[in-house]
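Participant: Quick one, structure-v7.txt (compact mmCIF, C-alpha atoms):
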```txt
# COMPACT_ATOMS: atom_id res chain seq x y z
CA MET J 1 -17.02 -38.21 17.54
CA ILE J 2 -17.62 -37.09 21.12
CA ALA J 3 -14.75 -34.64 20.77
CA VAL J 4 -16.30 -33.02 17.69
CA VAL J 5 -19.71 -32.79 19.34
CA GLY J 6 -18.12 -31.30 22.46
CA LEU J 7 -16.16 -28.79 20.41
CA VAL J 8 -19.24 -27.67 18.48
CA VAL J 9 -21.27 -27.33 21.68
CA GLY J 10 -18.36 -25.38 23.21
CA VAL J 11 -18.19 -23.00 20.24
CA VAL J 12 -21.94 -22.39 20.43
CA ALA J 13 -21.72 -21.83 24.19
CA GLY J 14 -18.82 -19.42 23.62
CA LEU J 15 -20.85 -17.47 21.06
CA LEU J 16 -23.81 -17.25 23.44
CA LEU J 17 -21.91 -16.52 26.67
CA GLN J 18 -19.32 -14.14 25.16
CA PRO J 19 -16.58 -14.86 27.70
CA THR J 20 -13.68 -12.38 27.84
CA VAL J 21 -10.05 -13.35 27.54
CA PRO J 22 -7.66 -12.02 30.23
CA VAL J 23 -5.51 -9.19 28.90
CA GLU J 24 -2.26 -11.04 29.74
CA LEU J 25 -3.19 -13.80 27.29
CA GLN J 26 -4.01 -11.43 24.40
CA PRO J 27 -0.56 -11.56 22.69
CA TYR J 28 -0.76 -15.33 22.34
CA LEU J 29 -4.24 -15.46 20.81
CA PRO J 30 -3.37 -15.12 17.10
CA ILE J 31 -0.82 -17.94 17.21
CA ALA J 32 -3.11 -20.09 19.36
CA VAL J 33 -5.95 -19.69 16.86
CA VAL J 34 -3.66 -20.62 13.94
CA ALA J 35 -2.51 -23.69 15.90
CA ALA J 36 -6.13 -24.64 16.56
CA LEU J 37 -6.86 -24.30 12.84
CA ASP J 38 -3.97 -26.65 12.11
CA ALA J 39 -5.37 -29.22 14.56
CA LEU J 40 -8.83 -28.88 13.00
CA PHE J 41 -7.49 -29.48 9.50
CA GLY J 42 -5.42 -32.43 10.75
CA GLY J 43 -8.53 -33.91 12.38
CA LEU J 44 -10.59 -33.47 9.22
CA ARG J 45 -7.91 -35.16 7.14
CA ALA J 46 -7.65 -38.05 9.62
CA LEU J 47 -11.43 -38.41 9.44
CA LEU J 48 -11.30 -38.68 5.65
CA ASP J 49 -8.35 -41.08 5.91
CA GLY J 50 -10.53 -43.17 8.21
CA ILE J 51 -8.13 -43.05 11.15
CA PHE J 52 -9.79 -40.32 13.24
CA ASP J 53 -9.49 -40.71 16.98
CA ASP J 54 -11.10 -38.50 19.62
CA ARG J 55 -8.21 -38.57 22.05
CA VAL J 56 -5.50 -37.97 19.45
CA PHE J 57 -7.54 -35.09 18.03
CA LEU J 58 -8.02 -33.42 21.41
CA THR J 59 -4.43 -34.03 22.48
CA SER J 60 -3.05 -32.56 19.27
CA PHE J 61 -5.46 -29.62 19.54
CA LEU J 62 -4.50 -28.85 23.14
CA SER J 63 -0.76 -29.39 22.70
CA ASN J 64 -0.68 -27.37 19.47
CA VAL J 65 -2.30 -24.38 21.14
CA VAL J 66 -0.23 -24.61 24.32
CA VAL J 67 3.09 -25.16 22.52
CA ALA J 68 2.42 -22.34 20.06
CA ALA J 69 1.58 -19.93 22.90
CA LEU J 70 4.63 -21.14 24.82
CA ILE J 71 6.94 -20.50 21.87
CA VAL J 72 5.60 -16.97 21.51
CA PHE J 73 6.01 -16.40 25.25
CA LEU J 74 9.60 -17.70 25.12
CA GLY J 75 10.29 -15.54 22.09
CA ASP J 76 8.96 -12.47 23.88
CA GLN J 77 11.22 -13.17 26.84
CA LEU J 78 14.24 -13.60 24.55
CA GLY J 79 13.42 -10.54 22.47
CA VAL J 80 12.75 -12.51 19.29
CA GLY J 81 8.97 -12.71 19.72
CA THR J 82 8.00 -11.52 16.24
CA GLN J 83 10.56 -13.76 14.49
CA LEU J 84 9.45 -16.84 16.42
CA SER J 85 5.80 -16.01 15.75
CA THR J 86 6.64 -15.85 12.05
CA ALA J 87 8.40 -19.22 12.26
CA VAL J 88 5.41 -20.82 13.97
CA VAL J 89 2.99 -19.34 11.46
CA VAL J 90 5.13 -20.57 8.53
CA VAL J 91 5.33 -24.13 9.88
CA LEU J 92 1.65 -24.31 10.77
CA GLY J 93 0.74 -22.65 7.47
CA ILE J 94 2.64 -25.29 5.48
CA ARG J 95 0.91 -28.03 7.47
CA ILE J 96 -2.51 -26.50 6.97
CA PHE J 97 -1.85 -26.21 3.25
CA SER J 98 -0.71 -29.78 2.76
CA ASN J 99 -3.55 -31.13 4.92
CA ALA J 100 -6.01 -29.01 2.95
CA ALA J 101 -4.54 -30.39 -0.29
CA SER J 102 -4.97 -33.94 1.02
CA ILE J 103 -8.59 -33.18 2.04
CA ARG J 104 -9.20 -31.78 -1.42
CA ARG J 105 -7.85 -34.99 -3.00
CA HIS J 106 -10.22 -36.99 -0.82
CA LEU J 107 -13.28 -34.89 -1.59
CA PHE J 108 -12.82 -34.19 -5.29
CA LYS J 109 -10.54 -37.09 -6.20
CA ALA J 110 -8.25 -34.60 -7.88
CA MET C 1 -4.92 -45.58 2.79
CA SER C 2 -1.73 -44.83 4.70
CA ARG C 3 -0.23 -42.11 2.55
CA HIS C 4 1.62 -40.77 5.55
CA GLY C 5 2.87 -43.93 7.20
CA PRO C 6 6.51 -44.83 7.75
CA ALA C 7 6.63 -46.16 4.18
CA ALA C 8 5.52 -42.83 2.76
CA ALA C 9 9.02 -41.56 2.00
CA ARG C 10 9.11 -40.54 -1.65
CA GLY C 11 12.34 -40.24 -3.60
CA PRO C 12 15.78 -39.52 -2.17
CA VAL C 13 15.69 -37.36 0.94
CA ASP C 14 18.36 -34.72 1.41
CA ALA C 15 19.67 -34.90 4.96
CA SER C 16 20.07 -31.13 5.21
CA MET C 17 16.37 -30.72 4.48
CA THR C 18 15.18 -32.86 7.39
CA LEU C 19 13.20 -30.07 8.98
CA LEU C 20 11.38 -28.99 5.82
CA ASN C 21 10.76 -32.58 4.75
CA GLU C 22 9.35 -33.35 8.19
CA VAL C 23 6.98 -30.40 7.89
CA SER C 24 5.82 -30.88 4.32
CA ARG C 25 5.77 -34.68 3.95
CA ARG C 26 4.16 -35.60 7.25
CA PRO C 27 1.66 -32.84 7.89
CA LEU C 28 -0.71 -35.17 9.74
CA ASP C 29 -0.12 -35.82 13.41
CA PRO C 30 1.65 -39.24 13.57
CA GLY C 31 -0.54 -40.05 16.56
CA TYR C 32 -3.52 -40.82 14.32
CA GLN C 33 -1.56 -43.48 12.43
CA LEU C 34 -0.15 -44.93 15.64
CA VAL C 35 -3.59 -45.34 17.21
CA ALA C 36 -5.01 -46.78 13.99
CA ASP C 37 -2.21 -49.34 13.85
CA GLU C 38 -2.74 -50.29 17.50
CA ARG C 39 -6.44 -50.67 16.89
CA ALA C 40 -5.83 -52.86 13.86
CA ALA C 41 -3.51 -55.03 15.91
CA GLY C 42 -6.13 -55.31 18.65
CA VAL C 43 -3.82 -54.01 21.40
CA ARG C 44 -5.97 -51.00 22.19
CA ARG C 45 -8.76 -51.20 24.72
CA PRO C 46 -12.09 -49.57 23.84
CA PRO C 47 -12.59 -46.23 25.62
CA THR C 48 -14.22 -46.33 29.03
CA ALA C 49 -17.11 -44.12 30.07
CA ARG C 50 -14.74 -42.05 32.20
CA SER C 51 -12.33 -41.32 29.35
CA ARG C 52 -15.31 -40.37 27.15
CA ALA C 53 -16.44 -37.86 29.77
CA VAL C 54 -12.94 -36.40 30.02
CA VAL C 55 -12.80 -36.07 26.23
CA LEU C 56 -16.18 -34.33 26.19
CA VAL C 57 -15.25 -31.87 28.92
CA VAL C 58 -11.88 -31.03 27.35
CA ALA C 59 -13.55 -30.57 23.96
CA LEU C 60 -16.17 -28.25 25.52
CA VAL C 61 -13.52 -26.14 27.22
CA LEU C 62 -11.44 -25.94 24.05
CA GLY C 63 -14.49 -24.89 22.03
CA VAL C 64 -15.34 -22.10 24.44
CA ALA C 65 -11.70 -20.96 24.60
CA LEU C 66 -11.35 -20.97 20.82
CA THR C 67 -14.50 -18.91 20.39
CA ALA C 68 -13.43 -16.47 23.09
CA ALA C 69 -9.99 -16.10 21.49
CA THR C 70 -11.46 -15.46 18.05
CA ALA C 71 -13.94 -12.97 19.44
CA ALA C 72 -11.18 -11.17 21.37
CA LEU C 73 -9.06 -10.97 18.21
CA ARG C 74 -11.89 -9.34 16.30
CA GLN C 75 -12.67 -6.83 19.06
CA PRO C 76 -9.71 -4.40 18.96
CA ALA C 77 -10.27 -3.52 15.33
CA THR C 78 -13.87 -2.48 15.99
CA SER C 79 -13.03 -0.48 19.11
CA ALA C 80 -10.19 1.28 17.28
CA SER C 81 -12.45 2.22 14.39
CA GLN C 82 -15.06 3.42 16.87
CA ALA C 83 -12.50 5.70 18.50
CA ARG C 84 -11.54 6.92 15.05
CA ARG C 85 -15.15 7.71 14.19
CA VAL C 86 -15.57 9.65 17.43
CA LEU C 87 -12.42 11.66 16.70
CA GLU C 88 -13.57 12.34 13.15
CA SER C 89 -16.94 13.62 14.27
CA GLN C 90 -15.20 15.76 16.90
CA ILE C 91 -12.95 17.28 14.24
CA VAL C 92 -15.93 18.07 12.05
CA ASP C 93 -17.87 19.56 14.99
CA ARG C 94 -14.99 21.72 16.14
CA THR C 95 -14.24 22.92 12.61
CA GLU C 96 -17.87 23.95 12.18
CA GLU C 97 -17.78 25.68 15.55
CA ALA C 98 -14.63 27.55 14.58
CA ALA C 99 -16.19 28.58 11.26
CA ALA C 100 -19.31 29.84 13.04
CA LEU C 101 -17.18 31.83 15.50
CA GLN C 102 -15.16 33.27 12.59
CA ASP C 103 -18.42 34.36 10.92
CA GLN C 104 -19.51 36.00 14.15
CA LEU C 105 -16.13 37.72 14.40
CA ASP C 106 -16.38 39.01 10.83
CA GLY C 107 -19.89 40.36 11.52
CA LEU C 108 -18.79 42.13 14.69
CA ALA C 109 -15.70 43.54 12.94
CA ALA C 110 -17.90 44.95 10.17
CA GLU C 111 -20.16 46.48 12.80
CA ILE C 112 -17.20 48.09 14.55
CA GLY C 113 -15.96 49.42 11.23
CA ALA C 114 -19.35 50.92 10.45
CA LEU C 115 -19.62 52.54 13.89
CA GLN C 116 -16.08 53.84 13.57
CA SER C 117 -16.69 55.43 10.20
CA ALA C 118 -19.97 56.93 11.45
CA LEU C 119 -18.06 58.45 14.36
CA VAL C 120 -15.25 59.71 12.14
CA GLY C 121 -17.71 60.88 9.50
CA SER C 122 -18.78 63.72 11.73
CA ALA C 123 -15.20 64.99 11.95
CA GLU C 124 -13.26 67.02 9.46
CA ALA C 125 -12.54 65.69 5.98
CA THR C 126 -8.75 65.67 6.36
CA TYR C 127 -9.00 63.67 9.57
CA ARG C 128 -11.40 61.23 7.88
CA ASP C 129 -9.05 60.62 4.95
CA GLU C 130 -6.15 60.06 7.31
CA VAL C 131 -8.08 57.42 9.24
CA ALA C 132 -9.19 55.67 6.05
CA ALA C 133 -5.63 55.57 4.66
CA GLY C 134 -4.35 54.26 7.98
CA ALA C 135 -7.01 51.56 8.05
CA VAL C 136 -5.99 50.34 4.59
CA GLU C 137 -2.33 50.35 5.53
CA ALA C 138 -3.02 48.45 8.76
CA ALA C 139 -4.98 45.86 6.75
CA VAL C 140 -8.08 46.52 8.82
CA LEU C 141 -10.40 47.30 5.90
CA PRO C 142 -10.98 45.11 2.83
CA VAL C 143 -9.48 46.59 -0.33
CA HIS C 144 -9.80 45.95 -4.03
CA GLY C 145 -7.84 47.07 -7.01
CA PRO C 146 -5.47 46.00 -9.76
CA GLY C 147 -2.35 44.08 -8.86
CA LEU C 148 -0.34 40.94 -9.11
CA ARG C 149 -1.15 37.31 -8.43
CA ILE C 150 1.78 35.00 -7.65
CA VAL C 151 1.09 31.27 -7.20
CA LEU C 152 3.64 29.01 -5.48
CA THR C 153 3.07 25.26 -5.87
CA ASP C 154 4.93 22.47 -4.04
CA GLY C 155 7.51 20.73 -6.19
CA PRO C 156 7.55 16.96 -6.85
CA PRO C 157 8.72 15.04 -3.75
CA ASP C 158 12.31 13.86 -3.65
CA GLU C 159 12.36 10.16 -4.58
CA ASP C 160 15.33 9.38 -2.33
CA ASP C 161 13.87 11.15 0.67
CA PRO C 162 10.08 11.57 0.46
CA GLU C 163 10.02 13.14 3.92
CA SER C 164 12.28 15.98 2.82
CA LEU C 165 10.72 19.43 2.97
CA ASP C 166 13.13 20.89 0.42
CA SER C 167 10.76 20.60 -2.52
CA ARG C 168 7.84 22.10 -0.59
CA VAL C 169 6.98 25.75 -0.18
CA GLN C 170 8.08 26.77 3.30
CA ASP C 171 7.28 29.68 5.58
CA VAL C 172 10.61 31.34 4.82
CA ASP C 173 9.83 31.39 1.08
CA LEU C 174 6.54 33.20 1.70
CA GLN C 175 8.25 35.56 4.18
CA VAL C 176 10.91 36.50 1.62
CA LEU C 177 8.30 36.98 -1.09
CA VAL C 178 5.97 39.11 1.05
CA ASN C 179 8.84 41.25 2.35
CA GLY C 180 10.05 41.70 -1.21
CA LEU C 181 6.57 42.75 -2.30
CA TRP C 182 6.32 45.40 0.44
CA GLY C 183 9.71 46.61 -0.77
CA VAL C 184 8.55 47.11 -4.36
CA GLY C 185 5.47 49.11 -3.44
CA ALA C 186 2.72 46.66 -2.54
CA GLU C 187 -0.26 48.36 -0.92
CA ALA C 188 -1.98 45.23 0.41
CA VAL C 189 -1.03 41.56 0.43
CA ALA C 190 -3.02 38.39 1.09
CA ILE C 191 -2.03 34.72 0.96
CA ASN C 192 -4.85 32.27 0.16
CA GLY C 193 -7.32 34.91 1.33
CA GLU C 194 -5.48 35.66 4.59
CA ARG C 195 -4.69 39.36 4.62
CA ILE C 196 -1.18 40.24 5.78
CA GLY C 197 -1.16 43.03 8.31
CA SER C 198 1.53 44.51 10.49
CA THR C 199 1.01 41.85 13.17
CA THR C 200 0.46 38.87 10.88
CA ALA C 201 2.99 36.11 11.32
CA ILE C 202 4.02 33.66 8.61
CA ARG C 203 5.31 30.66 10.47
CA SER C 204 5.55 26.93 10.11
CA ALA C 205 4.28 24.28 12.51
CA GLY C 206 5.66 20.91 11.53
CA SER C 207 5.28 20.74 7.78
CA ALA C 208 2.31 23.13 7.63
CA VAL C 209 2.62 26.82 6.85
CA LEU C 210 0.61 29.05 9.17
CA VAL C 211 -0.45 32.52 8.06
CA ASP C 212 -2.10 34.47 10.85
CA LEU C 213 -2.31 31.11 12.70
CA THR C 214 -4.42 29.60 9.89
CA PRO C 215 -2.82 26.50 8.34
CA LEU C 216 -2.54 26.77 4.55
CA THR C 217 -1.66 24.18 1.92
CA SER C 218 -0.20 24.29 -1.56
CA PRO C 219 -0.88 26.04 -3.91
CA TYR C 220 -0.17 29.31 -2.14
CA THR C 221 -1.78 32.23 -3.97
CA VAL C 222 -0.19 35.54 -3.03
CA GLU C 223 -2.41 38.44 -4.11
CA VAL C 224 -0.94 41.92 -4.10
CA VAL C 225 -2.75 45.19 -4.72
CA GLY C 226 -0.57 47.81 -6.38
CA ASP C 227 0.93 48.66 -9.74
CA GLY C 228 1.17 45.12 -11.13
CA ASP C 229 3.53 45.69 -14.06
CA ALA C 230 5.90 47.89 -12.09
CA MET C 231 5.97 45.48 -9.16
CA GLN C 232 6.65 42.53 -11.45
CA THR C 233 9.60 44.32 -13.04
CA GLU C 234 10.96 45.58 -9.76
CA LEU C 235 10.53 42.26 -7.96
CA SER C 236 12.74 40.39 -10.40
CA ARG C 237 15.61 42.73 -9.52
CA THR C 238 15.36 42.18 -5.78
CA LEU C 239 16.59 39.37 -3.56
CA ALA C 240 13.03 38.04 -3.40
CA GLY C 241 12.99 37.67 -7.18
CA GLN C 242 16.27 35.77 -7.07
CA HIS C 243 14.87 33.58 -4.30
CA LEU C 244 11.85 32.69 -6.44
CA ALA C 245 14.15 31.84 -9.36
CA THR C 246 16.19 29.55 -7.10
CA LEU C 247 13.01 27.83 -5.87
CA ARG C 248 11.94 27.22 -9.45
CA THR C 249 15.25 25.95 -10.81
CA THR C 250 16.73 24.10 -7.82
CA PHE C 251 13.71 22.65 -6.00
CA GLY C 252 11.14 22.38 -8.80
CA ILE C 253 8.63 24.62 -6.99
CA GLY C 254 6.06 26.06 -9.37
CA VAL C 255 6.10 29.86 -9.52
CA THR C 256 3.61 31.64 -11.76
CA THR C 257 3.21 35.40 -11.81
CA ALA C 258 0.34 37.20 -13.52
CA THR C 259 -1.10 40.70 -13.35
CA ALA C 260 -4.76 40.95 -12.40
CA ARG C 261 -7.17 43.75 -13.21
CA ARG C 262 -9.17 43.47 -10.04
CA LEU C 263 -8.28 41.71 -6.80
CA ASP C 264 -10.51 41.61 -3.73
CA LEU C 265 -8.58 41.35 -0.50
CA PRO C 266 -10.37 40.86 2.82
CA GLY C 267 -9.62 42.95 5.87
CA THR C 268 -8.32 41.47 9.08
CA GLY C 269 -10.75 43.43 11.20
CA PRO C 270 -9.62 45.68 14.02
CA THR C 271 -6.42 44.52 15.68
CA THR C 272 -5.63 45.18 19.28
CA LEU C 273 -2.01 45.98 19.92
CA ARG C 274 -0.70 44.77 23.23
CA GLU C 275 2.20 46.27 25.04
CA ALA C 276 4.39 44.77 27.67
CA SER C 277 5.30 47.09 30.48
CA VAL C 278 7.44 46.71 33.54
CA PRO C 279 5.54 47.24 36.79
CA ALA C 280 6.54 50.36 38.69
CA GLY C 281 9.28 49.68 41.19
CA ALA C 282 10.34 46.45 39.56
CA ALA C 283 12.31 48.16 36.82
CA PRO C 284 16.04 47.66 37.05
CA LYS C 285 18.31 50.65 36.67
CA LEU C 286 18.89 51.12 32.99
CA ALA C 287 20.48 53.74 30.83
CA PRO C 288 17.89 56.32 29.72
CA GLY C 289 16.17 55.52 26.45
CA SER C 290 16.61 51.75 26.54
CA ALA C 291 13.53 51.01 28.65
CA SER C 292 10.92 51.63 25.99
CA GLY C 293 7.95 49.27 25.90
CA ALA C 294 8.21 46.23 23.68
CA GLN C 295 5.47 46.06 21.12
CA ASP C 296 3.96 42.72 20.38
CA VAL C 297 4.77 42.68 16.70
CA GLY C 298 4.87 38.98 15.99
CA GLY C 299 5.01 39.48 12.26
CA SER C 300 7.97 38.78 10.12
CA ALA C 301 6.33 40.40 7.14
CA GLY C 302 5.13 43.81 8.22
CA PRO C 303 5.01 46.75 5.84
CA GLY C 304 8.29 48.61 5.65
CA GLU C 305 10.32 45.65 6.76
CA GLY C 306 11.06 44.63 3.20
CA SER C 307 14.31 45.01 1.42
CA ALA C 308 14.23 48.19 -0.58
CA PRO C 309 14.87 47.72 -4.29
```
Can I see the file as structure tokens?

Facilitator:
Amino acid sequence: MIAVVGLVVGVVAGLLLQPTVPVELQPYLPIAVVAALDALFGGLRALLDGIFDDRVFLTSFLSNVVVAALIVFLGDQLGVGTQLSTAVVVVLGIRIFSNAASIRRHLFKA
Amino acid sequence: MSRHGPAAARGPVDASMTLLNEVSRRPLDPGYQLVADERAAGVRRPPTARSRAVVLVVALVLGVALTAATAALRQPATSASQARRVLESQIVDRTEEAAALQDQLDGLAAEIGALQSALVGSAEATYRDEVAAGAVEAAVLPVHGPGLRIVLTDGPPDEDDPESLDSRVQDVDLQVLVNGLWGVGAEAVAINGERIGSTTAIRSAGSAVLVDLTPLTSPYTVEVVGDGDAMQTELSRTLAGQHLATLRTTFGIGVTTATARRLDLPGTGPTTLREASVPAGAAPKLAPGSASGAQDVGGSAGPGEGSAP
């Protein structure tokens, strides 16, 4: 639970402090946010499954974001940036959807 | 509980679908299950205070970064719309400014006209009539009288090539029409309220038609003062009439012609003619007669230029 508390405190701090993101990182932000969403949904599902773990949650969060940004960076270098971004969004989107469906089954038993 | 464990494989799995199956059947990070299994088996040590602190710090940093990223993603849209608003207000301001200046210009032109006629009024009657006739011909004074009203409307856009300008009224169409009208005895011509004088240009800039540098849009209403019935009959016999027929049949451009009992055409106000001259001494040796000054007649639709019927 420490991870969740830390994340919430971090979000609040971010809202209050309004830090700016360096311009060089701007292209990777959309994919990074989608990856973070995927990690959040995965964590929520694990919580409902009763197997939530702080370290696994944080590791998956961090690696998701970094790997997603890395793929976009690689794609940009190879000239297939938009296609790779689409691929990442499709994969993460499918995962978010099936995790959301699982969460729904837990919450509404349907 | 373990819907996603190693035993979660449902039904026969197609080997060629490994990637998609991996994505859709095991959406949850396998790490969760692994740790849960370890914990159940009692192999996993409880977290130390140090690892808790690390987790907290990493979580804090990730939270701040996530918020910053989301905020940064929302920013460009607002700044772009702000820039758009500024540009819009600038356009409105400048348009109003231009309209105010045009009003001022019209007022001053009327004043000049009044002063001119007061000056000429003291002269002989024949001289006065000559000046008045010249002013009408030069499109300086507003005129009214019976005539013809021709409306050109853009045709439907080409479905295969929506960018094509073929089905739209172009500057050359209006040039041909206006020249044709001068040819069949038009006394004064205006397009969408822009009077055509001897120095008025009908041009195109991009896809817009400019008349006297004022951009106009469809429908284009060409108002002509003169003998309406005669002009209508004569026009159909000229090249301009044929051109209009081609526009109607080939490109679907709407052409309606109607006589009008009274048309009010504005004047352009006094025009200043400019002449280019070669400075003394700089003139190259030329054959006599070829070194006349070039008049700045930018118009393509001046009176007398039309094709005679």

Participant: Show me which bits of chain C are within 12 Å of chain J, counting all atoms listed in the file, as a PyMOL selection string.

Facilitator: chain C and resi 1-5+19-40+46-47+49+51-76

Participant: Hey, can you spit out that residue selection with C-alpha atoms as a PDB file, in the frame of the given file?

Facilitator:
```
ATOM      1  CA  MET C   1      -4.920 -45.580   2.790  1.00  0.00           C
ATOM      2  CA  SER C   2      -1.730 -44.830   4.700  1.00  0.00           C
ATOM      3  CA  ARG C   3      -0.230 -42.110   2.550  1.00  0.00           C
ATOM      4  CA  HIS C   4       1.620 -40.770   5.550  1.00  0.00           C
ATOM      5  CA  GLY C   5       2.870 -43.930   7.200  1.00  0.00           C
ATOM      6  CA  LEU C  19      13.200 -30.070   8.980  1.00  0.00           C
ATOM      7  CA  LEU C  20      11.380 -28.990   5.820  1.00  0.00           C
ATOM      8  CA  ASN C  21      10.760 -32.580   4.750  1.00  0.00           C
ATOM      9  CA  GLU C  22       9.350 -33.350   8.190  1.00  0.00           C
ATOM     10  CA  VAL C  23       6.980 -30.400   7.890  1.00  0.00           C
ATOM     11  CA  SER C  24       5.820 -30.880   4.320  1.00  0.00           C
ATOM     12  CA  ARG C  25       5.770 -34.680   3.950  1.00  0.00           C
ATOM     13  CA  ARG C  26       4.160 -35.600   7.250  1.00  0.00           C
ATOM     14  CA  PRO C  27       1.660 -32.840   7.890  1.00  0.00           C
ATOM     15  CA  LEU C  28      -0.710 -35.170   9.740  1.00  0.00           C
ATOM     16  CA  ASP C  29      -0.120 -35.820  13.410  1.00  0.00           C
ATOM     17  CA  PRO C  30       1.650 -39.240  13.570  1.00  0.00           C
ATOM     18  CA  GLY C  31      -0.540 -40.050  16.560  1.00  0.00           C
ATOM     19  CA  TYR C  32      -3.520 -40.820  14.320  1.00  0.00           C
ATOM     20  CA  GLN C  33      -1.560 -43.480  12.430  1.00  0.00           C
ATOM     21  CA  LEU C  34      -0.150 -44.930  15.640  1.00  0.00           C
ATOM     22  CA  VAL C  35      -3.590 -45.340  17.210  1.00  0.00           C
ATOM     23  CA  ALA C  36      -5.010 -46.780  13.990  1.00  0.00           C
ATOM     24  CA  ASP C  37      -2.210 -49.340  13.850  1.00  0.00           C
ATOM     25  CA  GLU C  38      -2.740 -50.290  17.500  1.00  0.00           C
ATOM     26  CA  ARG C  39      -6.440 -50.670  16.890  1.00  0.00           C
ATOM     27  CA  ALA C  40      -5.830 -52.860  13.860  1.00  0.00           C
ATOM     28  CA  PRO C  46     -12.090 -49.570  23.840  1.00  0.00           C
ATOM     29  CA  PRO C  47     -12.590 -46.230  25.620  1.00  0.00           C
ATOM     30  CA  ALA C  49     -17.110 -44.120  30.070  1.00  0.00           C
ATOM     31  CA  SER C  51     -12.330 -41.320  29.350  1.00  0.00           C
ATOM     32  CA  ARG C  52     -15.310 -40.370  27.150  1.00  0.00           C
ATOM     33  CA  ALA C  53     -16.440 -37.860  29.770  1.00  0.00           C
ATOM     34  CA  VAL C  54     -12.940 -36.400  30.020  1.00  0.00           C
ATOM     35  CA  VAL C  55     -12.800 -36.070  26.230  1.00  0.00           C
ATOM     36  CA  LEU C  56     -16.180 -34.330  26.190  1.00  0.00           C
ATOM     37  CA  VAL C  57     -15.250 -31.870  28.920  1.00  0.00           C
ATOM     38  CA  VAL C  58     -11.880 -31.030  27.350  1.00  0.00           C
ATOM     39  CA  ALA C  59     -13.550 -30.570  23.960  1.00  0.00           C
ATOM     40  CA  LEU C  60     -16.170 -28.250  25.520  1.00  0.00           C
ATOM     41  CA  VAL C  61     -13.520 -26.140  27.220  1.00  0.00           C
ATOM     42  CA  LEU C  62     -11.440 -25.940  24.050  1.00  0.00           C
ATOM     43  CA  GLY C  63     -14.490 -24.890  22.030  1.00  0.00           C
ATOM     44  CA  VAL C  64     -15.340 -22.100  24.440  1.00  0.00           C
ATOM     45  CA  ALA C  65     -11.700 -20.960  24.600  1.00  0.00           C
ATOM     46  CA  LEU C  66     -11.350 -20.970  20.820  1.00  0.00           C
ATOM     47  CA  THR C  67     -14.500 -18.910  20.390  1.00  0.00           C
ATOM     48  CA  ALA C  68     -13.430 -16.470  23.090  1.00  0.00           C
ATOM     49  CA  ALA C  69      -9.990 -16.100  21.490  1.00  0.00           C
ATOM     50  CA  THR C  70     -11.460 -15.460  18.050  1.00  0.00           C
ATOM     51  CA  ALA C  71     -13.940 -12.970  19.440  1.00  0.00           C
ATOM     52  CA  ALA C  72     -11.180 -11.170  21.370  1.00  0.00           C
ATOM     53  CA  LEU C  73      -9.060 -10.970  18.210  1.00  0.00           C
ATOM     54  CA  ARG C  74     -11.890  -9.340  16.300  1.00  0.00           C
ATOM     55  CA  GLN C  75     -12.670  -6.830  19.060  1.00  0.00           C
ATOM     56  CA  PRO C  76      -9.710  -4.400  18.960  1.00  0.00           C
TER      57      PRO C  76
END
```

Participant: Name the closest residue to Ala87 (chain J) among the candidates J:Asn64, J:Ile103, J:Gly75, J:Lys109; distances are taken between atoms, counting all atoms listed in the file.

Facilitator: J:Gly75

Participant: Near Met231 (chain C), within 12 Å and counting only C-alpha atoms, which residues show up once chain neighbours fewer than 2 positions away are dropped, as a PyMOL selection string?

Facilitator: chain C and resi 146-150+177+180-187+224-229+233-238+240-241+257-259+309

Participant: Enclose region 70-74 of chain J, meaning all of its atoms listed in the file, in a box aligned along x, y and z, pad it by 5 Å on each side, and list the centre and edge lengths in Å to one decimal, as lines of an AutoDock Vina configuration file.

Facilitator:
```
center_x = 7.1
center_y = -18.8
center_z = 23.4
size_x = 15.0
size_y = 14.7
size_z = 13.7
```

Participant: What is the CA of Val90 (chain J) to CA of Arg105 (chain J) distance in Å?

Facilitator: 22.6 Å

Participant: For a quick check of understanding, using only C-alpha atoms, which of C:Glu137, C:Glu223, C:Asp171, C:Glu194 has the smallest distance to Val209 (chain C)?

Facilitator: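 Nearest candidate to Val209 (chain C) out of C:Glu137, C:Glu223, C:Asp171, C:Glu194: C:Asp171.
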
Participant: Which is closest to Thr250 (chain C) among C:Leu210, C:Pro279, C:Val189, C:Arg168, if we use all atoms listed in the file?

Facilitator: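 Under the stated criterion, the closest residue is C:Arg168.
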
Participant: Could you tell me how far CA of Ala132 (chain C) lies from CA of Leu119 (chain C), in Å and to one decimal?

Facilitator: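 One can read the CA of Ala132 (chain C) to CA of Leu119 (chain C) distance as 12.5 Å.
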
Participant: One decimal, in Å: what's the spacing between CA of Ala118 (chain C) and CA of Gly193 (chain C)?

Facilitator: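 A separation of 27.3 Å between them.
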